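Content type mmCIF, C-alpha atoms and all ligand atoms, from the file my_file_10.cif:
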data_my_file
loop_
_atom_site.label_atom_id
_atom_site.label_comp_id
_atom_site.auth_asym_id
_atom_site.auth_seq_id
_atom_site.Cartn_x
_atom_site.Cartn_y
_atom_site.Cartn_z
CA MET Q 1 -3.92 -2.50 10.52
CA GLY Q 2 -2.81 -6.02 9.65
CA ALA Q 3 -6.29 -6.85 8.43
CA LEU Q 4 -6.38 -3.80 6.25
CA ILE Q 5 -3.03 -4.52 4.69
CA ARG Q 6 -3.82 -8.18 4.18
CA GLN Q 7 -7.16 -7.37 2.65
CA ASN Q 8 -5.49 -4.77 0.51
CA SER Q 9 -2.85 -7.15 -0.77
CA VAL Q 10 -5.47 -9.79 -1.52
CA ASN Q 11 -7.34 -7.23 -3.58
CA ARG Q 12 -4.31 -5.78 -5.30
CA PRO Q 13 -4.47 -7.60 -8.62
CA ASN Q 14 -8.16 -6.74 -8.79
CA ILE Q 15 -7.60 -3.08 -8.09
CA ILE Q 16 -4.89 -2.87 -10.69
CA SER Q 17 -6.69 -4.81 -13.37
CA ARG Q 18 -9.96 -3.00 -12.63
CA CYS Q 19 -8.19 0.32 -12.82
CA ARG Q 20 -6.41 -0.65 -16.02
CA LYS Q 21 -9.65 -1.81 -17.54
CA GLN Q 22 -11.50 1.32 -16.56
CA ALA Q 23 -8.67 3.59 -17.61
CA GLU Q 24 -8.59 1.82 -20.96
CA THR Q 25 -12.35 1.77 -21.48
CA SER Q 26 -13.38 5.06 -19.88
CA LEU Q 27 -10.68 7.02 -21.65
CA SER Q 28 -10.84 6.83 -25.39
CA PRO Q 29 -7.41 6.81 -27.11
CA GLN Q 30 -7.84 10.50 -28.03
CA LEU Q 31 -8.25 11.33 -24.35
CA LEU Q 32 -5.04 9.66 -23.31
CA THR Q 33 -2.29 12.15 -22.85
CA PRO Q 34 0.44 12.30 -25.51
CA ALA Q 35 2.98 11.24 -22.86
CA LEU Q 36 1.03 8.07 -22.20
CA GLU Q 37 0.30 7.44 -25.84
CA SER Q 38 3.96 7.73 -26.60
CA SER Q 39 4.68 5.07 -24.01
CA ASN Q 40 3.13 2.74 -26.52
CA THR Q 41 1.15 -0.12 -25.04
CA LEU Q 42 2.13 0.80 -21.48
CA PRO Q 43 -1.16 0.92 -19.56
CA PRO Q 44 -1.69 3.90 -17.28
CA MET Q 45 -1.25 1.95 -14.04
CA ALA Q 46 1.99 0.39 -15.17
CA ALA Q 47 3.22 3.85 -16.10
CA VAL Q 48 2.36 5.20 -12.66
CA THR Q 49 4.03 2.23 -10.98
CA ARG Q 50 7.19 2.67 -12.98
CA LEU Q 51 7.29 6.41 -12.38
CA PHE Q 52 6.73 6.16 -8.65
CA ARG Q 53 9.25 3.35 -8.30
CA SER Q 54 11.86 5.39 -10.11
CA SER Q 55 11.69 7.93 -7.31
CA ALA Q 56 11.10 5.60 -4.40
CA SER Q 57 13.81 5.19 -1.82
CA SER Q 58 12.74 6.63 1.47
CA SER Q 59 15.19 7.70 4.11
CA SER Q 60 15.48 5.58 7.18
CA ALA Q 61 15.04 8.60 9.45
CA ALA Q 62 11.83 9.61 7.72
CA ALA Q 63 10.63 6.02 7.69
CA TYR Q 64 11.40 5.64 11.40
CA PHE Q 65 9.59 8.86 12.08
CA THR Q 66 6.60 8.17 9.95
CA ARG Q 67 5.86 4.64 11.04
CA ARG Q 68 4.21 6.24 14.05
CA SER Q 69 0.76 7.75 14.20
CA LEU Q 70 1.55 11.10 15.67
CA THR Q 71 -0.54 13.93 16.95
CA THR Q 72 1.27 17.24 17.15
CA ALA Q 73 1.43 16.93 20.92
CA ALA Q 74 2.75 13.39 20.70
CA ALA Q 75 5.38 14.49 18.20
CA THR Q 76 6.51 17.24 20.56
CA GLU Q 77 6.59 14.80 23.45
CA LEU Q 78 8.56 12.19 21.52
CA ARG Q 79 10.99 14.76 20.22
CA SER Q 80 11.61 16.09 23.68
CA GLN Q 81 12.58 12.55 24.65
CA SER Q 82 14.92 12.49 21.63
CA CYS Q 83 13.02 9.55 20.17
CA ILE Q 84 12.69 11.15 16.75
CA PRO Q 85 15.93 11.76 14.96
CA ARG Q 86 16.32 15.27 13.64
CA ILE Q 87 15.78 15.14 9.90
CA ASP Q 88 18.50 16.53 7.74
CA PRO Q 89 16.66 17.66 4.60
CA LYS Q 90 19.73 17.42 2.36
CA GLY Q 91 19.75 14.49 0.00
CA ARG Q 92 16.55 12.95 1.33
CA ASN Q 93 13.97 11.41 -0.89
CA PHE Q 94 10.75 12.31 0.87
CA GLN Q 95 7.47 10.79 -0.22
CA TRP Q 96 4.87 12.72 1.70
CA VAL Q 97 1.14 13.32 1.28
CA PHE Q 98 -0.85 16.33 2.47
CA LEU Q 99 -4.49 15.74 3.36
CA GLY Q 100 -7.05 18.25 4.50
CA CYS Q 101 -10.31 19.97 3.60
CA PRO Q 102 -10.57 22.53 0.80
CA GLY Q 103 -9.02 25.82 1.88
CA VAL Q 104 -7.09 24.41 4.84
CA GLY Q 105 -3.72 25.42 3.37
CA LYS Q 106 -2.38 22.19 1.86
CA GLY Q 107 -0.91 24.10 -1.09
CA THR Q 108 0.67 26.78 1.09
CA TYR Q 109 2.44 24.43 3.50
CA ALA Q 110 3.22 21.74 0.93
CA SER Q 111 4.89 24.29 -1.34
CA ARG Q 112 6.92 25.74 1.56
CA LEU Q 113 8.07 22.27 2.59
CA SER Q 114 8.81 21.39 -1.02
CA ALA Q 115 11.22 24.33 -1.22
CA LEU Q 116 12.74 23.42 2.14
CA LEU Q 117 13.21 19.72 1.39
CA GLY Q 118 14.06 20.07 -2.29
CA VAL Q 119 11.33 17.74 -3.53
CA PRO Q 120 8.58 18.64 -5.99
CA HIS Q 121 5.18 19.76 -4.76
CA ILE Q 122 2.63 18.03 -6.93
CA ALA Q 123 -0.93 19.33 -6.52
CA THR Q 124 -3.53 17.39 -8.48
CA GLY Q 125 -5.87 20.41 -8.29
CA ASP Q 126 -3.24 22.42 -10.21
CA LEU Q 127 -2.97 19.62 -12.78
CA VAL Q 128 -6.74 19.68 -13.20
CA ARG Q 129 -6.81 23.49 -13.56
CA GLU Q 130 -3.95 23.42 -16.10
CA GLU Q 131 -5.81 20.84 -18.12
CA LEU Q 132 -9.09 22.71 -18.02
CA SER Q 133 -7.52 25.99 -19.06
CA SER Q 134 -5.93 24.25 -22.05
CA SER Q 135 -7.85 23.55 -25.21
CA GLY Q 136 -7.35 19.82 -24.66
CA PRO Q 137 -10.16 17.29 -25.15
CA LEU Q 138 -10.74 16.94 -21.39
CA SER Q 139 -11.12 20.62 -20.73
CA LYS Q 140 -14.93 20.97 -21.09
CA GLN Q 141 -15.63 17.81 -19.10
CA LEU Q 142 -13.30 18.91 -16.27
CA GLU Q 143 -14.78 22.38 -16.10
CA GLU Q 144 -18.23 20.97 -15.54
CA ILE Q 145 -17.07 18.59 -12.79
CA VAL Q 146 -14.92 21.14 -10.95
CA ASN Q 147 -17.61 23.83 -11.09
CA GLN Q 148 -20.05 21.49 -9.42
CA GLY Q 149 -17.54 20.84 -6.64
CA LYS Q 150 -17.39 17.16 -7.61
CA LEU Q 151 -14.37 14.88 -7.86
CA VAL Q 152 -12.80 14.06 -11.18
CA SER Q 153 -12.71 10.33 -11.94
CA ASP Q 154 -9.83 8.33 -10.50
CA GLU Q 155 -8.77 7.36 -14.04
CA ILE Q 156 -8.48 10.94 -15.26
CA ILE Q 157 -6.58 11.99 -12.13
CA ILE Q 158 -4.18 9.06 -12.46
CA ASN Q 159 -3.54 9.94 -16.08
CA LEU Q 160 -2.82 13.58 -15.21
CA LEU Q 161 -0.57 12.48 -12.36
CA SER Q 162 1.35 10.03 -14.54
CA LYS Q 163 1.92 12.72 -17.12
CA ARG Q 164 3.27 15.04 -14.40
CA LEU Q 165 5.50 12.31 -12.93
CA GLU Q 166 6.81 11.45 -16.36
CA MET Q 167 7.74 15.07 -16.94
CA GLY Q 168 9.48 15.14 -13.53
CA GLU Q 169 11.34 11.96 -14.32
CA THR Q 170 12.87 13.53 -17.43
CA LYS Q 171 14.04 16.43 -15.23
CA GLY Q 172 15.60 14.03 -12.71
CA GLU Q 173 13.13 14.78 -9.90
CA SER Q 174 13.00 12.47 -6.94
CA GLY Q 175 10.60 12.27 -4.02
CA PHE Q 176 7.44 14.35 -3.82
CA ILE Q 177 4.92 16.09 -1.65
CA LEU Q 178 1.50 15.17 -2.98
CA ASP Q 179 -1.28 17.65 -2.34
CA GLY Q 180 -4.87 16.70 -3.19
CA PHE Q 181 -4.03 13.05 -3.93
CA PRO Q 182 -5.19 10.56 -2.79
CA ARG Q 183 -8.70 11.84 -2.29
CA THR Q 184 -10.59 8.56 -2.32
CA VAL Q 185 -9.79 5.25 -0.64
CA ARG Q 186 -9.42 3.72 -4.09
CA GLN Q 187 -6.75 6.29 -5.00
CA ALA Q 188 -5.02 5.57 -1.67
CA GLU Q 189 -5.06 1.83 -2.39
CA ILE Q 190 -3.56 2.41 -5.82
CA LEU Q 191 -0.86 4.62 -4.32
CA THR Q 192 -0.05 1.97 -1.71
CA GLU Q 193 0.26 -0.53 -4.52
CA VAL Q 194 2.77 1.53 -6.48
CA THR Q 195 4.97 3.09 -3.82
CA ASP Q 196 5.74 3.58 -0.10
CA ILE Q 197 4.46 6.74 1.45
CA ASP Q 198 6.60 7.90 4.37
CA LEU Q 199 4.27 10.37 6.01
CA VAL Q 200 0.75 11.73 5.67
CA VAL Q 201 0.15 15.15 7.18
CA ASN Q 202 -3.49 15.91 7.94
CA LEU Q 203 -4.03 19.66 8.25
CA LYS Q 204 -7.09 20.71 10.23
CA LEU Q 205 -9.18 23.83 10.73
CA PRO Q 206 -12.82 24.30 11.82
CA GLU Q 207 -15.31 24.23 8.93
CA ASN Q 208 -16.49 27.86 9.29
CA VAL Q 209 -12.87 29.03 8.98
CA LEU Q 210 -12.44 26.89 5.85
CA LEU Q 211 -15.38 28.55 4.16
CA GLU Q 212 -14.09 32.06 4.93
CA LYS Q 213 -10.61 31.09 3.74
CA CYS Q 214 -11.90 29.76 0.41
CA LEU Q 215 -14.02 32.85 -0.17
CA GLY Q 216 -11.04 35.12 0.56
CA ARG Q 217 -8.60 33.18 -1.63
CA ARG Q 218 -7.02 35.09 -4.54
CA ILE Q 219 -4.44 33.89 -7.04
CA CYS Q 220 -2.03 35.99 -9.06
CA SER Q 221 -2.73 35.09 -12.68
CA GLN Q 222 0.86 35.88 -13.56
CA CYS Q 223 3.07 34.32 -10.87
CA GLY Q 224 0.49 31.75 -9.67
CA LYS Q 225 0.99 32.54 -5.97
CA ASN Q 226 -1.92 32.25 -3.55
CA PHE Q 227 -3.05 35.11 -1.34
CA ASN Q 228 -5.97 35.67 0.97
CA VAL Q 229 -7.92 38.86 1.57
CA ALA Q 230 -10.02 37.52 4.46
CA THR Q 231 -9.46 38.64 8.03
CA ILE Q 232 -10.45 35.65 10.10
CA ASP Q 233 -11.43 36.02 13.71
CA VAL Q 234 -13.59 33.12 14.74
CA LYS Q 235 -14.56 32.56 18.35
CA GLY Q 236 -14.58 28.94 19.37
CA GLU Q 237 -17.93 27.39 20.29
CA ASN Q 238 -18.85 23.99 21.76
CA GLY Q 239 -15.27 23.09 22.53
CA THR Q 240 -13.78 24.44 19.27
CA ARG Q 241 -10.86 26.83 19.54
CA ASP Q 242 -10.59 30.55 18.68
CA ILE Q 243 -8.85 31.10 15.35
CA SER Q 244 -7.42 34.38 14.11
CA MET Q 245 -5.67 34.84 10.80
CA ALA Q 246 -4.41 38.04 9.30
CA PRO Q 247 -4.97 38.47 5.55
CA LEU Q 248 -2.12 37.34 3.31
CA LEU Q 249 -1.97 40.32 0.98
CA PRO Q 250 -0.24 40.33 -2.40
CA PRO Q 251 2.78 42.50 -3.23
CA PRO Q 252 1.98 45.61 -5.35
CA ASN Q 253 2.96 43.96 -8.65
CA CYS Q 254 0.38 41.17 -8.17
CA VAL Q 255 -2.54 43.38 -7.04
CA SER Q 256 -3.98 44.07 -10.50
CA LYS Q 257 -3.61 40.43 -11.59
CA LEU Q 258 -5.60 38.75 -8.84
CA ILE Q 259 -8.22 36.21 -9.82
CA THR Q 260 -10.67 34.09 -7.84
CA ARG Q 261 -11.00 30.36 -8.54
CA SER Q 262 -14.33 29.66 -10.22
CA ASP Q 263 -15.02 26.92 -7.64
CA ASP Q 264 -14.47 29.24 -4.65
CA THR Q 265 -18.11 30.34 -4.35
CA GLU Q 266 -20.12 29.65 -1.20
CA THR Q 267 -22.32 27.00 -2.82
CA ILE Q 268 -19.44 25.14 -4.46
CA VAL Q 269 -17.20 25.32 -1.38
CA LYS Q 270 -19.99 23.83 0.76
CA GLU Q 271 -20.39 21.02 -1.77
CA ARG Q 272 -16.61 20.42 -1.82
CA LEU Q 273 -16.63 20.23 1.99
CA ARG Q 274 -19.52 17.78 1.88
CA ILE Q 275 -17.69 15.62 -0.66
CA TYR Q 276 -14.49 15.79 1.39
CA ASN Q 277 -16.34 14.45 4.44
CA GLU Q 278 -17.92 11.68 2.40
CA LYS Q 279 -15.07 10.57 0.13
CA SER Q 280 -11.80 11.91 1.52
CA GLN Q 281 -12.21 11.56 5.26
CA PRO Q 282 -12.06 7.75 4.92
CA VAL Q 283 -8.58 8.30 3.41
CA GLU Q 284 -7.53 9.75 6.79
CA ASP Q 285 -8.69 6.51 8.45
CA PHE Q 286 -6.85 4.48 5.80
CA TYR Q 287 -3.53 6.10 6.72
CA ARG Q 288 -4.32 6.35 10.44
CA SER Q 289 -4.69 2.59 10.58
CA GLN Q 290 -1.27 2.25 8.93
CA GLY Q 291 0.31 4.53 11.56
CA LYS Q 292 1.33 7.07 8.94
CA LEU Q 293 -1.00 9.93 9.80
CA MET Q 294 0.24 13.02 11.59
CA GLU Q 295 -2.69 15.21 12.67
CA PHE Q 296 -1.90 18.92 12.70
CA ASP Q 297 -4.39 21.46 14.05
CA LEU Q 298 -3.36 24.75 12.49
CA PRO Q 299 -3.05 27.28 15.32
CA GLY Q 300 -3.66 30.32 13.07
CA GLY Q 301 -2.19 31.87 9.93
CA ILE Q 302 1.23 31.22 8.40
CA PRO Q 303 3.28 33.14 11.02
CA GLU Q 304 1.84 31.02 13.84
CA SER Q 305 1.46 27.73 11.97
CA TRP Q 306 4.66 27.39 9.93
CA PRO Q 307 7.12 27.26 12.88
CA LYS Q 308 4.81 24.87 14.73
CA LEU Q 309 4.53 22.61 11.69
CA LEU Q 310 8.32 22.52 11.33
CA GLU Q 311 8.58 21.70 15.00
CA ALA Q 312 6.04 18.88 14.70
CA LEU Q 313 7.96 17.52 11.71
CA ASN Q 314 11.23 17.91 13.55
CA LEU Q 315 12.63 20.03 10.76
CA ASP Q 316 14.95 23.00 10.91
CA GLU Q 317 14.37 25.77 8.46
CA ASN Q 318 17.26 25.97 6.08
CA GLU Q 319 18.39 29.56 5.61
CA ASP Q 320 18.93 29.50 1.88
CA LYS Q 321 15.60 27.87 1.20
CA GLN Q 322 13.35 30.11 3.23
CA SER Q 323 11.82 31.91 0.27
CA ALA Q 324 9.13 29.31 -0.33
CA ALA Q 325 5.99 30.61 -1.93
CA ALA Q 326 3.17 31.56 0.38
N1 LIG S 1 -7.23 13.43 -6.37
C1 LIG S 1 -8.31 13.98 -6.96
N2 LIG S 1 -9.37 13.20 -7.30
C2 LIG S 1 -10.45 13.71 -7.90
N3 LIG S 1 -10.60 15.01 -8.20
C3 LIG S 1 -9.58 15.84 -7.88
C4 LIG S 1 -8.38 15.37 -7.25
N4 LIG S 1 -7.55 16.41 -7.07
C5 LIG S 1 -8.18 17.50 -7.55
N5 LIG S 1 -9.41 17.17 -8.05
C6 LIG S 1 -10.39 18.07 -8.68
O1 LIG S 1 -9.83 19.38 -8.74
C7 LIG S 1 -10.60 20.28 -7.92
C8 LIG S 1 -9.67 21.28 -7.27
O2 LIG S 1 -8.77 20.59 -6.42
P1 LIG S 1 -7.92 21.33 -5.30
O3 LIG S 1 -7.23 22.50 -5.89
O4 LIG S 1 -7.09 20.32 -4.62
O5 LIG S 1 -9.07 21.93 -4.38
P2 LIG S 1 -9.45 21.97 -2.86
O6 LIG S 1 -9.26 23.40 -2.49
O7 LIG S 1 -10.89 21.56 -2.93
O8 LIG S 1 -8.62 21.04 -2.03
C9 LIG S 1 -11.36 19.40 -6.97
O9 LIG S 1 -12.55 20.01 -6.49
C10 LIG S 1 -11.66 18.18 -7.85
O10 LIG S 1 -12.72 18.46 -8.76
#
Reformat the file's structure so that it appears as structure tokens.
Amino acid sequence: MGALIRQNSVNRPNIISRCRKQAETSLSPQLLTPALESSNTLPPMAAVTRLFRSSASSSSAAAYFTRRSLTTAAATELRSQSCIPRIDPKGRNFQWVFLGCPGVGKGTYASRLSALLGVPHIATGDLVREELSSSGPLSKQLEEIVNQGKLVSDEIIINLLSKRLEMGETKGESGFILDGFPRTVRQAEILTEVTDIDLVVNLKLPENVLLEKCLGRRICSQCGKNFNVATIDVKGENGTRDISMAPLLPPPNCVSKLITRSDDTETIVKERLRIYNEKSQPVEDFYRSQGKLMEFDLPGGIPESWPKLLEALNLDENEDKQSAAA
């Protein structure tokens, strides 16, 4: 861990200046977002740094908790020994990251926790989809990348994220749950450079379940909520566990507005899984070595997994905030 951090800090100026250079050269001025253009000569990385710092002040309880590398079982064990203080969500400034393969449920659980903890859920996939459905200059380019299951360049993602953080800053947001970022070690290094992450939750499901979940995913084009029409009943083989998940069906008013993501086809999902294993799995190691990674094997669908996740995080569900989106 020490070696990684030392190496990282030695490389920091290079990462920043390289990223600045690439962001400046790979994005022509027309491609820079208006928010960034309006920040005058502020380079993208400086903007991200400023925006993250403005919301960075992690709670000591969360920091104490997250300095450990915890498996779910270890978290339960530690909690039973009263080693982990119970987190009081009120007034905390959480800076959490959700990692996990496509379809694992990062959006579902991150958005529930966001409502519970009162911090914004920022999903870079949503930022990409918003941009590609706009008539902006990046839209065509993004569509091509996403529909091949590939990753968008770090520079474009950082620009979209800065724009989102800037918007949040004007609304007085603080803290965040990041979903879908960082997805490469380089993104993780940049994030480490600009702010302190308290906790990284790594959600896990077997790969055959992930494919079925992606193929069954439906989104309401009006309210934006995610549903799933798949009934999953996978028998464990070679040491893997049995997984059953009931479908998560939409309410009647969403039924006629359901859409499928254009990248949720079998071929593209398999490519996204391949790219996750190649580019994003090393991000798990990056945070594991810093003692910030909490592994969480989802035991099933939301009814089984949500209480267990709260338990692993040592959180109590707050009555008036239970209506988080599914
Ligand atoms: N941090 C990121 N870096 C690069 N590309 C990203 C990032 N976040 C999202 N994307 C792009 O947006 C697409 C959709 O992202 P997301 O909704 O998070 O999907 P997934 O279900 O694969 O986790 C990705 O396949 C990728 O093309």
Contacts of stretch 208-221 of chain Q at 9 Å or less, counting all atoms listed in the file, minus same-chain residues fewer than 5 places along, as a ChimeraX atom specification?
-> /Q:101-105,226-234,243,247,250,254-261,264-266,269-270,273
Between atom CA of Q:Gly180 and atom CA of Q:Pro251, what is the spacing in Å?
-> 26.9 Å
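When only C-alpha atoms and all ligand atoms are used to compute distances to ligand LIG 1 (chain S), the closest of the residues Q:Ser162, Q:Ser111, Q:Ser133, Q:Gln187 turns out to be Q:Gln187.
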Could you pull out every residue with an atom within 7 Å of (-8.5, 26.7, 12.7), file coordinates, counting all atoms listed in the file, and send them as a PyMOL selection string?
-> chain Q and resi 204-206+209+243+297-300
Separation of atom CA of Q:Pro303 and atom CA of Q:Met245, in Å?
-> 9.1 Å
Site check for ligand LIG 1 (chain S): residues at most 8 Å away, only C-alpha atoms and all ligand atoms, as a PyMOL selection string | chain Q and resi 100-104+106+123-129+142+145-154+157+179-184+187+214+263+269+272-273
Looking at Q:Gln281, Q:Gln290, Q:Ser139, Q:Ser244, which one is nearest to Q:Leu203, with distances taken over all atoms listed in the file?
-> Q:Gln281
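In this model, the gap between atom CA of Q:Arg241 and atom CA of Q:Glu207 comes to 11.8 Å.
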